[in-house]
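With mmCIF, C-alpha atoms inside, this is structure.cif:
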```cif
data_run
#
loop_
_atom_site.label_atom_id
_atom_site.label_comp_id
_atom_site.auth_asym_id
_atom_site.auth_seq_id
_atom_site.Cartn_x
_atom_site.Cartn_y
_atom_site.Cartn_z
CA MET A 161 0.00 0.00 0.00
CA THR A 162 1.28 3.49 -0.86
CA GLU A 163 2.37 5.60 2.12
CA PHE A 164 0.86 8.98 2.86
CA SER A 165 3.13 11.79 1.74
CA GLN A 166 2.26 14.32 4.45
CA HIS A 167 1.59 14.52 8.16
CA PRO A 168 -2.06 14.31 9.20
CA GLU A 169 -3.97 17.34 10.38
CA ASP A 170 -4.89 17.70 14.05
CA GLY A 171 -7.64 15.34 15.14
CA ILE A 172 -7.06 12.79 12.37
CA GLU A 173 -5.49 9.43 13.14
CA LYS A 174 -2.98 8.30 10.56
CA GLU A 175 -3.88 4.65 11.20
CA ALA A 176 -7.56 5.32 10.56
CA LEU A 177 -6.85 7.01 7.24
CA ALA A 178 -4.56 4.18 6.24
CA LYS A 179 -7.33 1.71 7.11
CA LEU A 180 -9.73 3.62 4.87
CA GLN A 181 -7.33 3.42 1.96
CA GLU A 182 -6.73 -0.27 2.69
CA GLY A 183 -10.49 -0.87 2.64
CA LYS A 184 -10.73 0.86 -0.72
CA GLU A 185 -7.96 -1.35 -2.13
CA LYS A 186 -9.69 -4.51 -0.84
CA ILE A 187 -12.95 -3.54 -2.53
CA MET A 188 -11.17 -2.65 -5.77
CA ALA A 189 -9.34 -5.99 -5.77
CA GLU A 190 -12.58 -7.94 -5.26
CA LEU A 191 -14.53 -6.00 -7.90
CA ARG A 192 -11.77 -6.45 -10.50
CA GLN A 193 -12.57 -10.17 -10.44
CA ARG A 194 -15.89 -9.33 -12.12
CA ILE A 195 -15.68 -5.79 -13.49
CA VAL A 196 -12.95 -5.21 -16.08
CA GLY A 197 -11.71 -1.82 -17.30
CA GLN A 198 -13.95 0.33 -15.09
CA ASP A 199 -11.56 1.36 -12.29
CA GLU A 200 -12.51 5.02 -12.56
CA VAL A 201 -16.21 4.18 -12.23
CA ILE A 202 -15.52 1.98 -9.21
CA GLU A 203 -13.42 4.67 -7.53
CA LEU A 204 -16.14 7.28 -8.00
CA ALA A 205 -18.74 4.92 -6.52
CA LEU A 206 -16.45 4.32 -3.53
CA ILE A 207 -15.94 8.06 -3.06
CA ALA A 208 -19.71 8.50 -2.90
CA LEU A 209 -20.04 5.61 -0.44
CA PHE A 210 -17.38 6.93 1.96
CA ALA A 211 -18.70 10.49 1.61
CA GLY A 212 -22.24 9.39 2.49
CA GLY A 213 -23.65 10.30 -0.94
CA HIS A 214 -25.63 8.49 -3.62
CA CYS A 215 -24.79 7.58 -7.22
CA LEU A 216 -26.65 7.72 -10.50
CA ILE A 217 -24.97 5.45 -13.04
CA THR A 218 -25.76 6.14 -16.68
CA GLY A 219 -24.91 3.90 -19.59
CA VAL A 220 -26.35 1.93 -22.49
CA PRO A 221 -27.46 -1.68 -21.85
CA GLY A 222 -24.80 -4.34 -21.45
CA LEU A 223 -22.06 -2.35 -19.69
CA ALA A 224 -22.36 -4.13 -16.31
CA LYS A 225 -24.12 -1.31 -14.44
CA THR A 226 -26.35 -3.68 -12.52
CA LEU A 227 -23.56 -6.23 -12.00
CA LEU A 228 -21.35 -3.53 -10.48
CA ILE A 229 -23.96 -2.51 -7.92
CA LYS A 230 -24.95 -6.12 -7.15
CA SER A 231 -21.28 -6.89 -6.51
CA PHE A 232 -21.11 -3.99 -4.04
CA GLY A 233 -23.90 -5.68 -2.13
CA GLU A 234 -21.85 -8.88 -1.88
CA ILE A 235 -18.56 -7.26 -0.87
CA LEU A 236 -19.97 -5.09 1.92
CA ASP A 237 -21.43 -6.69 5.03
CA LEU A 238 -24.69 -4.80 4.61
CA SER A 239 -28.30 -5.54 3.71
CA TYR A 240 -28.99 -5.15 0.00
CA LYS A 241 -32.24 -4.77 -1.94
CA ARG A 242 -32.92 -4.36 -5.64
CA ILE A 243 -35.93 -2.36 -6.84
CA GLN A 244 -36.79 -2.85 -10.51
CA PHE A 245 -38.41 0.39 -11.66
CA THR A 246 -41.25 -0.13 -14.12
CA PRO A 247 -44.05 2.14 -15.43
CA ASP A 248 -46.59 0.55 -13.07
CA LEU A 249 -44.44 0.74 -9.92
CA MET A 250 -46.17 2.68 -7.11
CA PRO A 251 -44.55 4.70 -4.26
CA ALA A 252 -45.88 2.20 -1.70
CA ASP A 253 -44.01 -0.56 -3.55
CA ILE A 254 -40.82 1.23 -2.49
CA THR A 255 -41.56 2.63 0.96
CA GLY A 256 -44.05 0.06 2.28
CA ILE A 257 -47.77 -0.17 3.00
CA ASP A 258 -50.20 -0.20 5.92
CA VAL A 259 -52.01 -3.51 6.35
CA MET A 260 -54.91 -4.41 8.60
CA GLU A 261 -54.22 -7.18 11.11
CA GLU A 262 -56.73 -8.98 13.30
CA ASP A 263 -55.92 -10.64 16.62
CA LEU A 264 -57.68 -14.02 16.35
CA SER A 265 -57.96 -14.39 20.11
CA THR A 266 -59.61 -11.02 20.78
CA GLY A 267 -60.95 -10.05 17.38
CA LYS A 268 -59.27 -6.66 17.75
CA ARG A 269 -58.01 -5.08 14.55
CA SER A 270 -54.93 -2.89 14.17
CA VAL A 271 -52.96 -1.27 11.39
CA LYS A 272 -49.38 -2.38 10.90
CA PHE A 273 -46.81 -0.81 8.59
CA VAL A 274 -45.02 -3.39 6.44
CA LYS A 275 -41.65 -2.02 5.41
CA GLY A 276 -40.76 -1.92 1.73
CA PRO A 277 -37.42 -2.62 0.05
CA ILE A 278 -36.17 0.91 0.80
CA PHE A 279 -35.36 -0.36 4.31
CA ALA A 280 -31.91 -1.73 3.49
CA ASN A 281 -28.36 -0.39 3.58
CA ILE A 282 -27.65 -0.61 -0.16
CA ILE A 283 -30.45 0.05 -2.64
CA LEU A 284 -30.18 -0.74 -6.33
CA ALA A 285 -32.75 1.44 -8.09
CA ASP A 286 -32.56 -0.32 -11.44
CA GLU A 287 -33.63 1.67 -14.53
CA ILE A 288 -34.98 4.49 -12.38
CA ASN A 289 -36.06 6.50 -15.43
CA ARG A 290 -38.62 3.86 -16.44
CA THR A 291 -41.07 4.84 -13.70
CA PRO A 292 -43.21 8.02 -13.49
CA PRO A 293 -41.98 11.04 -11.47
CA LYS A 294 -44.49 10.35 -8.68
CA THR A 295 -42.78 7.06 -7.93
CA GLN A 296 -39.28 8.46 -8.48
CA ALA A 297 -40.10 11.06 -5.83
CA ALA A 298 -40.64 8.31 -3.27
CA LEU A 299 -36.86 8.16 -2.97
CA LEU A 300 -36.47 11.90 -2.27
CA GLU A 301 -37.19 11.87 1.44
CA ALA A 302 -35.20 8.70 2.02
CA MET A 303 -32.11 9.94 0.19
CA GLN A 304 -32.04 13.33 1.89
CA GLU A 305 -33.55 12.80 5.35
CA TYR A 306 -32.81 9.09 5.90
CA HIS A 307 -36.34 8.30 6.98
CA VAL A 308 -39.69 7.37 5.45
CA THR A 309 -43.03 8.92 6.41
CA ALA A 310 -46.11 6.70 6.19
CA GLY A 311 -49.48 7.22 7.82
CA GLY A 312 -48.19 10.33 9.57
CA GLU A 313 -45.40 8.38 11.27
CA GLN A 314 -41.66 8.53 10.57
CA PHE A 315 -39.60 5.38 10.20
CA GLU A 316 -35.83 5.73 10.38
CA LEU A 317 -33.68 4.02 7.78
CA ALA A 318 -30.68 1.88 8.67
CA ARG A 319 -27.30 3.53 8.31
CA PRO A 320 -25.21 3.53 6.24
CA PHE A 321 -27.78 4.12 3.51
CA PHE A 322 -26.49 4.12 -0.05
CA VAL A 323 -28.63 4.42 -3.18
CA MET A 324 -27.11 3.44 -6.51
CA ALA A 325 -29.50 4.04 -9.38
CA THR A 326 -29.07 3.09 -13.02
CA GLN A 327 -30.61 4.73 -16.05
CA ASN A 328 -30.49 4.22 -19.79
CA PRO A 329 -29.50 7.42 -21.64
CA ILE A 330 -31.30 6.32 -24.80
CA GLU A 331 -34.69 8.03 -24.89
CA LEU A 332 -37.14 5.28 -25.67
CA GLU A 333 -40.88 5.01 -25.23
CA GLY A 334 -41.73 4.45 -21.58
CA THR A 335 -38.91 6.50 -20.01
CA TYR A 336 -39.37 9.52 -17.74
CA PRO A 337 -36.51 12.00 -17.21
CA LEU A 338 -35.70 12.48 -13.54
CA PRO A 339 -36.91 15.81 -12.08
CA GLU A 340 -34.19 18.32 -11.18
CA ALA A 341 -34.94 17.95 -7.45
CA GLN A 342 -34.40 14.20 -7.71
CA LEU A 343 -31.19 14.59 -9.72
CA ASP A 344 -29.77 16.99 -7.14
CA ARG A 345 -30.00 14.28 -4.46
CA PHE A 346 -27.38 12.24 -6.31
CA MET A 347 -23.83 13.17 -5.41
CA PHE A 348 -22.49 11.86 -8.72
CA ASN A 349 -23.81 11.05 -12.16
CA ILE A 350 -21.28 8.46 -13.31
CA ILE A 351 -21.22 7.58 -17.00
CA ILE A 352 -20.12 4.07 -17.96
CA ARG A 353 -18.68 3.96 -21.45
CA TYR A 354 -17.78 1.12 -23.80
CA LEU A 355 -14.67 -0.89 -22.93
CA SER A 356 -11.46 -0.85 -24.91
CA ARG A 357 -11.01 -3.66 -27.41
CA GLU A 358 -8.58 -5.50 -25.10
CA ASP A 359 -10.88 -5.27 -22.09
CA GLU A 360 -13.91 -6.31 -24.12
CA LEU A 361 -12.03 -9.35 -25.40
CA ALA A 362 -11.01 -10.30 -21.84
CA VAL A 363 -14.60 -10.00 -20.59
CA ALA A 364 -15.96 -12.04 -23.50
CA LEU A 365 -13.46 -14.87 -22.89
CA ASN A 366 -13.83 -14.92 -19.10
CA THR A 367 -17.61 -14.81 -18.96
CA THR A 368 -18.06 -17.59 -21.51
CA SER A 369 -15.48 -20.00 -20.13
CA ARG A 370 -16.01 -20.09 -16.33
CA GLU A 371 -18.53 -19.48 -13.58
CA MET A 372 -18.68 -16.10 -11.86
CA ALA A 373 -16.27 -16.08 -8.91
CA PRO A 374 -17.73 -15.54 -5.42
CA LEU A 375 -16.63 -12.35 -3.70
CA ASN A 376 -15.24 -11.96 -0.18
CA THR A 377 -16.62 -9.50 2.35
CA ALA A 378 -14.28 -6.50 2.60
CA LEU A 379 -15.88 -4.03 5.04
CA SER A 380 -18.64 -3.91 7.62
CA GLY A 381 -21.31 -1.27 8.09
CA GLU A 382 -19.51 -0.02 11.20
CA ASP A 383 -16.31 0.44 9.17
CA ILE A 384 -18.14 2.52 6.58
CA MET A 385 -19.84 4.71 9.20
CA ASN A 386 -16.49 5.32 10.89
CA PHE A 387 -14.94 6.25 7.55
CA GLN A 388 -17.80 8.65 6.76
CA HIS A 389 -17.16 10.48 10.04
CA LEU A 390 -13.40 10.40 9.50
CA VAL A 391 -13.28 11.98 6.04
CA LYS A 392 -15.12 15.07 7.28
CA LYS A 393 -12.00 15.92 9.29
CA VAL A 394 -9.79 16.12 6.19
CA TYR A 395 -8.62 19.70 5.73
CA VAL A 396 -9.85 21.90 2.87
CA PRO A 397 -7.58 24.93 2.20
CA GLU A 398 -9.44 28.20 1.69
CA ASN A 399 -8.21 28.63 -1.87
CA VAL A 400 -9.55 25.16 -2.78
CA ALA A 401 -12.96 25.93 -1.27
CA SER A 402 -13.00 29.26 -3.09
CA TYR A 403 -12.17 27.54 -6.37
CA ALA A 404 -15.09 25.10 -5.90
CA VAL A 405 -17.45 27.99 -5.14
CA ASP A 406 -16.24 29.98 -8.17
CA LEU A 407 -16.59 26.94 -10.45
CA VAL A 408 -20.18 26.31 -9.38
CA ARG A 409 -21.21 29.97 -9.40
CA ASN A 410 -19.86 30.31 -12.95
CA SER A 411 -22.39 27.68 -14.06
CA ARG A 412 -25.38 29.92 -13.21
CA PRO A 413 -26.59 32.03 -16.14
CA ASP A 414 -28.16 34.73 -13.96
CA GLY A 415 -24.85 35.80 -12.38
CA ASP A 416 -23.24 39.16 -13.11
CA SER A 417 -19.79 37.98 -14.16
CA VAL A 418 -20.48 34.52 -15.60
CA PRO A 419 -18.96 33.52 -18.96
CA GLU A 420 -20.89 34.36 -22.09
CA PHE A 421 -21.14 30.70 -23.13
CA VAL A 422 -23.04 29.98 -19.89
CA LYS A 423 -25.54 32.77 -20.58
CA LYS A 424 -25.94 31.45 -24.11
CA TRP A 425 -26.25 27.70 -23.49
CA VAL A 426 -27.28 27.09 -19.86
CA GLY A 427 -30.88 27.30 -18.70
CA TRP A 428 -30.21 26.40 -15.07
CA GLY A 429 -26.92 26.10 -13.18
CA ALA A 430 -25.74 24.06 -10.20
CA GLY A 431 -26.70 24.88 -6.62
CA LEU A 432 -25.04 24.77 -3.22
CA ARG A 433 -25.13 20.96 -3.04
CA ALA A 434 -22.66 20.91 -5.93
CA VAL A 435 -20.10 22.86 -3.87
CA GLN A 436 -20.67 20.60 -0.87
CA ASN A 437 -20.26 17.46 -2.97
CA LEU A 438 -17.12 18.73 -4.68
CA LEU A 439 -15.45 19.37 -1.32
CA LEU A 440 -16.74 16.27 0.47
CA GLY A 441 -15.86 14.04 -2.48
CA GLY A 442 -12.50 15.80 -2.69
CA LYS A 443 -11.78 14.80 0.92
CA VAL A 444 -12.30 11.12 0.13
CA ARG A 445 -10.28 11.36 -3.09
CA ALA A 446 -7.43 13.04 -1.22
CA VAL A 447 -7.24 10.10 1.21
CA PHE A 448 -7.44 7.63 -1.68
CA HIS A 449 -4.40 9.38 -3.16
CA CYS A 450 -2.51 9.44 0.15
CA ARG A 451 -3.00 13.11 0.99
CA TYR A 452 -4.40 14.78 4.09
CA ASN A 453 -5.46 17.97 2.31
CA VAL A 454 -7.93 18.50 -0.53
CA SER A 455 -6.33 19.99 -3.64
CA ILE A 456 -7.75 21.89 -6.59
CA GLU A 457 -6.92 18.83 -8.67
CA ASP A 458 -9.40 16.81 -6.55
CA VAL A 459 -12.12 19.38 -7.30
CA ARG A 460 -11.31 19.36 -11.03
CA ALA A 461 -11.29 15.54 -11.15
CA LEU A 462 -14.80 15.39 -9.66
CA ALA A 463 -16.27 18.32 -11.61
CA LYS A 464 -17.99 16.28 -14.33
CA PRO A 465 -19.70 13.63 -12.16
CA VAL A 466 -20.82 16.35 -9.72
CA LEU A 467 -21.96 18.97 -12.25
CA ARG A 468 -23.15 17.15 -15.38
CA HIS A 469 -26.61 16.36 -13.95
CA ARG A 470 -26.97 19.74 -12.26
CA ILE A 471 -26.34 21.90 -15.33
CA ILE A 472 -29.46 22.07 -17.48
CA THR A 473 -28.71 23.15 -21.05
CA ASN A 474 -31.22 25.10 -23.14
CA PHE A 475 -32.53 24.79 -26.68
CA TYR A 476 -29.61 26.73 -28.17
CA ALA A 477 -27.11 24.29 -26.67
CA GLU A 478 -29.03 21.30 -27.99
CA SER A 479 -29.23 22.82 -31.47
CA GLU A 480 -25.43 23.27 -31.46
CA ASN A 481 -24.75 19.80 -29.99
CA ILE A 482 -23.43 21.23 -26.72
CA ASP A 483 -24.00 18.98 -23.70
CA ALA A 484 -23.33 19.44 -19.98
CA ASP A 485 -19.92 17.73 -20.17
CA LYS A 486 -18.74 20.26 -22.75
CA ILE A 487 -20.01 23.08 -20.55
CA VAL A 488 -18.03 21.67 -17.59
CA ASP A 489 -14.88 21.44 -19.72
CA MET A 490 -15.29 25.09 -20.67
CA LEU A 491 -15.95 26.07 -17.05
CA LEU A 492 -12.75 24.32 -15.96
CA SER A 493 -10.81 26.25 -18.59
CA HIS A 494 -12.47 29.53 -17.65
CA THR A 495 -12.28 29.37 -13.83
CA SER A 496 -8.95 30.63 -12.60
CA GLU A 497 -7.07 28.72 -9.90
CA SER A 498 -4.69 31.54 -9.04
CA THR A 499 -7.32 34.14 -8.16
CA SER A 500 -9.66 31.90 -6.13
CA GLY A 501 -10.14 33.30 -2.68
CA MET A 502 -8.75 36.73 -3.58
CA ILE A 503 -10.82 39.91 -3.23
#
```

What does the file become when written as structure tokens?
Amino acid sequence: MTEFSQHPEDGIEKEALAKLQEGKEKIMAELRQRIVGQDEVIELALIALFAGGHCLITGVPGLAKTLLIKSFGEILDLSYKRIQFTPDLMPADITGIDVMEEDLSTGKRSVKFVKGPIFANIILADEINRTPPKTQAALLEAMQEYHVTAGGEQFELARPFFVMATQNPIELEGTYPLPEAQLDRFMFNIIIRYLSREDELAVALNTTSREMAPLNTALSGEDIMNFQHLVKKVYVPENVASYAVDLVRNSRPDGDSVPEFVKKWVGWGAGLRAVQNLLLGGKVRAVFHCRYNVSIEDVRALAKPVLRHRIITNFYAESENIDADKIVDMLLSHTSESTSGMI
């Protein structure tokens, strides 16, 4: 394992940070037995897990989105549930329902809440864009508040609570784009792309010649909760925080000093959660790369997965084939690192 290159900040135990990085390496090693050529995707998912966020994974069919998330459920010593989103799925199918029970000895009836699949540590929301917005919204409260309200009563969710949703980017009949409020609950929108020729050949040979290897448990729920508390202590220099704020504020077309391309192509920019996710994700990435401080490079590396689903392009951008990723690239080129934090 690579050694940390700096001394830890006050209040952070070096051994605890090293254990976090060791846990990440264990998970990566296990997942590589099944998932080939997607190390960047796996690392981003792990950053979201250790930061206490949620992931939206976007990709065309056949790129192992579901297999990746299912494998997470095997590696981590946590409860795991899969929810297959379909056009006829109802909110109660996710959160749970009230049922009437009768005591046979007394004849007394009572209402009991039967918990739905949302009451697990890891949730696979498979093909989330195939269900109507009303049902998609059933995840909102759970993802943000970590509880479910039913019949006027709140039910707490188990922690850690990690939602990994998949969606197909191809707009076909029977798909419903996620509302902006729902998208904003996801820390990252991770795009899985086609493999290289070499990796695709390796996957084709391995999956057609042997059974899928079982995976070993790498971390417990207590480990993950400890890591989530630990990473919040990682130091963020003021200039790095200022850079993250400037980057996000430059994405909003109603600002006074935003770039002209934002005013031309962006209908709606990113909000405060984007800044929070850039810095929190940057803390985890810094530890992964054996550093005790968040750097501007951490913020830049996470800019696309954090911002691409929070920047809503307008008609002019679509007509000129400009998507959110291109906007983020231009924002990274436009936002100055040297003047961040200066008045």

TODO: Determine the residue set returned by the PyMOL selection byres ((chain A and resi 419) around 12) for the present structure, and present it as an NGL selection string.
DONE: :A and (406-407 or 409-418 or 420-426 or 487-488 or 490-495)

Open item on the list: With distances taken over only C-alpha atoms, which residue among A:Gln388, A:Thr295, A:Ser455, A:Gln181 lies nearest Glu203 of chain A?
Closed with: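 Of A:Gln388, A:Thr295, A:Ser455, A:Gln181, the one nearest Glu203 of chain A is A:Gln181, counting only C-alpha atoms.
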
Task: Nearest to Met250 of chain A, chosen from A:Ser231, A:Gln342, A:Gln198, A:Gln296, with only C-alpha atoms counted in the distances - done: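 For Met250 of chain A, the nearest of the candidates is A:Gln296.
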
Task: Pick from A:Trp428, A:Ala310, A:Ala373, A:Arg290, whichever lies nearest to Thr335 of chain A using all atoms listed in the file - done: A:Arg290

Open item on the list: Once the PyMOL selection byres ((chain A and resi 213) around 7) is applied to the coordinates I shared, what remains selected? I want it as a VMD selection string.
Closed with: chain A and resid 208 to 209 211 to 212 214 to 215 322 346 to 347
